[in-house]
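Heads up, the thing below is written out as structure tokens.
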Amino acid sequence: MTINYIKQQNPDLIFLVGDIIDDIIPEAGAHLFFQGIKEIAPAYYVTGNHEYWSGEIDRLREMVTSYGVTILSDNYEIIRVHGQEILLAGVEDPAKRRYEMPLYDYVGSMERAFSPLREDDTLKILLAHRPEWIETYLGYPFDLVISGHAHGGQVRIPLLASNGLYAPNQGLFPSYTGGRYEHGAVVHIVSRGLAVYKERPRIYNRPELVVIKINNNIISSYLSKMNK
């Protein structure tokens, strides 16, 4: 269903904002997913904490790139879509410091990569797994930030906890769990993700795919496709 839905959207780009490969669940599903999107559109990926938790980050990177997916790692690329220039950036997950590089500086690495960027007419998009770092991301001239990680707040209670009860690294009653948030002119979209674990059930919080439409540098629509 997931691959078919992606194909039906006829996307120009596919963004993967981490935790695509789990540290516990077998990789077979990830292989099928990457194989399925391979011929649909160019795909861009940033790491999440689960990839680092696996303890096999180098092998996983090789696996991802073997399917033609571009990994963004504290860097950016200039791409063109229908003649429009887009600056597409991505950051590593901060778990890199604990599991791969003890001296890794999450904020410092962003500063080195993105401080040269300036406000101009080029659309600038940042892929960053962790939404709770949004205040740091806002220090750079991105127009659109796309994140995941929060699992939609896990349990959503209408009127009481519509943004969810809990999210990793945000704690109880988190601020950024799923949907569209606006910070001045910057749009921040957080995907609830596709993961389902019986040990951590989702309540009023179905998995989702997110479709974003951009016209003339304007994020014109945001569509959440809920999986049953």
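Identifiers for the structure tokens are assigned positionally: chains receive A, B, ... in sequence, residues are indexed from 1 per chain, and ligands are indexed from 1 in the order shown.
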
(request) Extract, using only C-alpha atoms, all DNA, RNA and protein residues at most 7 Å from range 5-21 of chain A, discarding same-chain residues fewer than 6 positions from it, and format them as a list in words. (result)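 Near range 5-21 of chain A, the qualifying residues are Glu27, Ala30, Ile40, Ala41, Pro42, Ala43, Tyr44, Tyr45, Val46, Thr47, Gly48, Asn49, His50, Glu51, Leu127, Ala128, His129, Ser147 and Gly148 of chain A.
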
Given only C-alpha atoms, how would the per-residue table for range 164-192 of chain A near range 206-222 of chain A read, listing every residue at most 8 Å away with its closest atom pair and distance in Å to one decimal, sorted by chain and number, as JSON lines?
```
{"residue": "A:Arg180", "atom": "CA", "partner": "A:Tyr222", "partner_atom": "CA", "distance": 7.5}
{"residue": "A:Val187", "atom": "CA", "partner": "A:Ile219", "partner_atom": "CA", "distance": 7.8}
{"residue": "A:Ser191", "atom": "CA", "partner": "A:Val210", "partner_atom": "CA", "distance": 6.5}
{"residue": "A:Arg192", "atom": "CA", "partner": "A:Glu208", "partner_atom": "CA", "distance": 6.0}
```

(message) Can you tell me which residues surround Arg80 in chain A at a distance of at most 12 Å, considering only C-alpha atoms, apart from same-chain residues fewer than 4 positions away, and format the answer as a ChimeraX atom specification?
(response) /A:12-13,42,84-88,122-124

Using the selection just defined, write its residues with C-alpha atoms as a PDB file, in the first residue's frame.
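Below you can see result02.pdb, which holds the result:
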```pdb
ATOM      1  CA  ASP A  12       9.182  14.984  -8.047  1.00  0.00           C
ATOM      2  CA  LEU A  13      11.227  14.129  -4.946  1.00  0.00           C
ATOM      3  CA  PRO A  42      14.974  10.825  -6.682  1.00  0.00           C
ATOM      4  CA  GLN A  84      13.419  25.687 -10.420  1.00  0.00           C
ATOM      5  CA  GLU A  85      16.574  25.773  -8.329  1.00  0.00           C
ATOM      6  CA  ILE A  86      16.267  24.260  -4.855  1.00  0.00           C
ATOM      7  CA  LEU A  87      18.834  24.127  -2.089  1.00  0.00           C
ATOM      8  CA  LEU A  88      18.277  20.845  -0.274  1.00  0.00           C
ATOM      9  CA  THR A 122      16.308  30.108  -3.905  1.00  0.00           C
ATOM     10  CA  LEU A 123      13.944  27.779  -2.059  1.00  0.00           C
ATOM     11  CA  LYS A 124      15.829  26.218   0.850  1.00  0.00           C
TER      12      LYS A 124
END
```

As an mmCIF file with N, CA and C atoms, in the first residue's frame, please: all residues of range 23-200 of chain A that backbone DSSP puts in alpha helix (DSSP H).
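Done, and the output landed in states-v9.cif:
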```cif
data_model
loop_
_atom_site.group_PDB
_atom_site.id
_atom_site.type_symbol
_atom_site.label_atom_id
_atom_site.label_comp_id
_atom_site.auth_asym_id
_atom_site.auth_seq_id
_atom_site.Cartn_x
_atom_site.Cartn_y
_atom_site.Cartn_z
ATOM 1 N N ALA A 28 14.369 -6.647 6.077
ATOM 2 C CA ALA A 28 13.721 -7.043 4.822
ATOM 3 C C ALA A 28 12.734 -5.991 4.338
ATOM 4 N N GLY A 29 11.964 -5.421 5.258
ATOM 5 C CA GLY A 29 10.990 -4.402 4.881
ATOM 6 C C GLY A 29 11.645 -3.163 4.317
ATOM 7 N N ALA A 30 12.792 -2.776 4.890
ATOM 8 C CA ALA A 30 13.512 -1.603 4.393
ATOM 9 C C ALA A 30 14.021 -1.846 2.976
ATOM 10 N N HIS A 31 14.530 -3.049 2.717
ATOM 11 C CA HIS A 31 14.999 -3.373 1.365
ATOM 12 C C HIS A 31 13.855 -3.278 0.358
ATOM 13 N N LEU A 32 12.707 -3.821 0.722
ATOM 14 C CA LEU A 32 11.547 -3.760 -0.172
ATOM 15 C C LEU A 32 11.118 -2.319 -0.420
ATOM 16 N N PHE A 33 11.173 -1.509 0.641
ATOM 17 C CA PHE A 33 10.775 -0.106 0.515
ATOM 18 C C PHE A 33 11.714 0.636 -0.430
ATOM 19 N N PHE A 34 13.023 0.512 -0.193
ATOM 20 C CA PHE A 34 13.982 1.220 -1.041
ATOM 21 C C PHE A 34 13.909 0.736 -2.488
ATOM 22 N N GLN A 35 13.724 -0.560 -2.673
ATOM 23 C CA GLN A 35 13.580 -1.089 -4.027
ATOM 24 C C GLN A 35 12.316 -0.538 -4.683
ATOM 25 N N GLY A 36 11.257 -0.400 -3.896
ATOM 26 C CA GLY A 36 9.989 0.072 -4.430
ATOM 27 C C GLY A 36 10.008 1.518 -4.878
ATOM 28 N N ILE A 37 10.756 2.371 -4.163
ATOM 29 C CA ILE A 37 10.777 3.793 -4.523
ATOM 30 C C ILE A 37 11.857 4.126 -5.542
ATOM 31 N N ASN A 49 17.825 8.332 14.911
ATOM 32 C CA ASN A 49 18.507 7.680 16.024
ATOM 33 C C ASN A 49 18.529 6.164 15.901
ATOM 34 N N HIS A 50 17.491 5.569 15.293
ATOM 35 C CA HIS A 50 17.444 4.104 15.215
ATOM 36 C C HIS A 50 18.563 3.538 14.350
ATOM 37 N N GLU A 51 18.935 4.228 13.302
ATOM 38 C CA GLU A 51 20.053 3.753 12.492
ATOM 39 C C GLU A 51 21.330 3.685 13.323
ATOM 40 N N TYR A 52 21.533 4.657 14.188
ATOM 41 C CA TYR A 52 22.722 4.637 15.045
ATOM 42 C C TYR A 52 22.612 3.582 16.131
ATOM 43 N N TRP A 53 21.427 3.392 16.660
ATOM 44 C CA TRP A 53 21.238 2.369 17.688
ATOM 45 C C TRP A 53 21.597 0.978 17.172
ATOM 46 N N ILE A 57 26.046 1.525 11.490
ATOM 47 C CA ILE A 57 25.701 2.688 10.682
ATOM 48 C C ILE A 57 26.419 2.702 9.332
ATOM 49 N N ASP A 58 27.689 2.287 9.285
ATOM 50 C CA ASP A 58 28.414 2.309 8.011
ATOM 51 C C ASP A 58 27.790 1.342 7.007
ATOM 52 N N ARG A 59 27.452 0.147 7.471
ATOM 53 C CA ARG A 59 26.831 -0.830 6.576
ATOM 54 C C ARG A 59 25.463 -0.335 6.101
ATOM 55 N N LEU A 60 24.713 0.297 7.007
ATOM 56 C CA LEU A 60 23.393 0.789 6.630
ATOM 57 C C LEU A 60 23.493 1.914 5.609
ATOM 58 N N ARG A 61 24.483 2.770 5.770
ATOM 59 C CA ARG A 61 24.683 3.831 4.769
ATOM 60 C C ARG A 61 24.954 3.219 3.389
ATOM 61 N N GLU A 62 25.792 2.198 3.365
ATOM 62 C CA GLU A 62 26.096 1.541 2.093
ATOM 63 C C GLU A 62 24.839 0.914 1.493
ATOM 64 N N MET A 63 24.017 0.330 2.353
ATOM 65 C CA MET A 63 22.786 -0.279 1.865
ATOM 66 C C MET A 63 21.857 0.772 1.260
ATOM 67 N N VAL A 64 21.710 1.896 1.938
ATOM 68 C CA VAL A 64 20.830 2.961 1.447
ATOM 69 C C VAL A 64 21.312 3.485 0.093
ATOM 70 N N THR A 65 22.591 3.778 -0.009
ATOM 71 C CA THR A 65 23.116 4.332 -1.263
ATOM 72 C C THR A 65 23.092 3.308 -2.396
ATOM 73 N N SER A 66 23.102 2.016 -2.054
ATOM 74 C CA SER A 66 23.062 0.983 -3.098
ATOM 75 C C SER A 66 21.759 1.036 -3.888
ATOM 76 N N LYS A 96 24.725 10.423 16.551
ATOM 77 C CA LYS A 96 26.054 10.186 15.969
ATOM 78 C C LYS A 96 27.142 10.353 17.025
ATOM 79 N N ARG A 97 26.951 11.308 17.925
ATOM 80 C CA ARG A 97 27.985 11.571 18.933
ATOM 81 C C ARG A 97 28.177 10.380 19.860
ATOM 82 N N ARG A 98 27.095 9.759 20.269
ATOM 83 C CA ARG A 98 27.181 8.651 21.222
ATOM 84 C C ARG A 98 27.612 7.343 20.567
ATOM 85 N N TYR A 99 27.185 7.124 19.334
ATOM 86 C CA TYR A 99 27.362 5.800 18.743
ATOM 87 C C TYR A 99 28.429 5.721 17.653
ATOM 88 N N TYR A 106 26.838 18.538 17.160
ATOM 89 C CA TYR A 106 25.635 18.679 16.329
ATOM 90 C C TYR A 106 25.435 20.124 15.882
ATOM 91 N N VAL A 107 25.460 21.044 16.840
ATOM 92 C CA VAL A 107 25.233 22.454 16.521
ATOM 93 C C VAL A 107 26.407 23.025 15.738
ATOM 94 N N GLY A 108 27.618 22.696 16.165
ATOM 95 C CA GLY A 108 28.798 23.205 15.477
ATOM 96 C C GLY A 108 28.891 22.735 14.039
ATOM 97 N N SER A 109 28.494 21.494 13.808
ATOM 98 C CA SER A 109 28.532 20.962 12.450
ATOM 99 C C SER A 109 27.525 21.676 11.552
ATOM 100 N N MET A 110 26.346 21.972 12.108
ATOM 101 C CA MET A 110 25.373 22.754 11.339
ATOM 102 C C MET A 110 25.914 24.142 11.022
ATOM 103 N N GLU A 111 26.551 24.741 12.003
ATOM 104 C CA GLU A 111 27.084 26.088 11.808
ATOM 105 C C GLU A 111 28.120 26.105 10.684
ATOM 106 N N ARG A 112 29.002 25.130 10.678
ATOM 107 C CA ARG A 112 30.014 25.076 9.621
ATOM 108 C C ARG A 112 29.380 24.849 8.252
ATOM 109 N N ALA A 113 28.337 24.034 8.225
ATOM 110 C CA ALA A 113 27.720 23.698 6.937
ATOM 111 C C ALA A 113 26.827 24.804 6.394
ATOM 112 N N PHE A 114 26.082 25.459 7.288
ATOM 113 C CA PHE A 114 24.995 26.325 6.825
ATOM 114 C C PHE A 114 25.202 27.815 7.080
ATOM 115 N N ILE A 134 14.073 22.718 16.512
ATOM 116 C CA ILE A 134 13.621 23.706 15.543
ATOM 117 C C ILE A 134 14.207 25.089 15.796
ATOM 118 N N GLU A 135 14.390 25.475 17.053
ATOM 119 C CA GLU A 135 14.934 26.810 17.321
ATOM 120 C C GLU A 135 16.343 26.956 16.756
ATOM 121 N N THR A 136 17.103 25.865 16.756
ATOM 122 C CA THR A 136 18.434 25.899 16.145
ATOM 123 C C THR A 136 18.328 25.998 14.629
ATOM 124 N N TYR A 137 17.438 25.220 14.044
ATOM 125 C CA TYR A 137 17.276 25.261 12.586
ATOM 126 C C TYR A 137 16.853 26.651 12.110
#
```

(message) Between CA of Ser54 in chain A and CA of Ser73 in chain A, what distance in Å does the model show, to one decimal?
(response) 17.9 Å

(message) Could you go through range 156-204 of chain A and tell me which residues DSSP, when run on the backbone, assigns to strand (DSSP E), listing them as JSON, numbers by chain?
(response) {"A": [166, 167, 171, 172, 179, 180, 181, 182, 183, 186, 187, 188, 189, 190]}
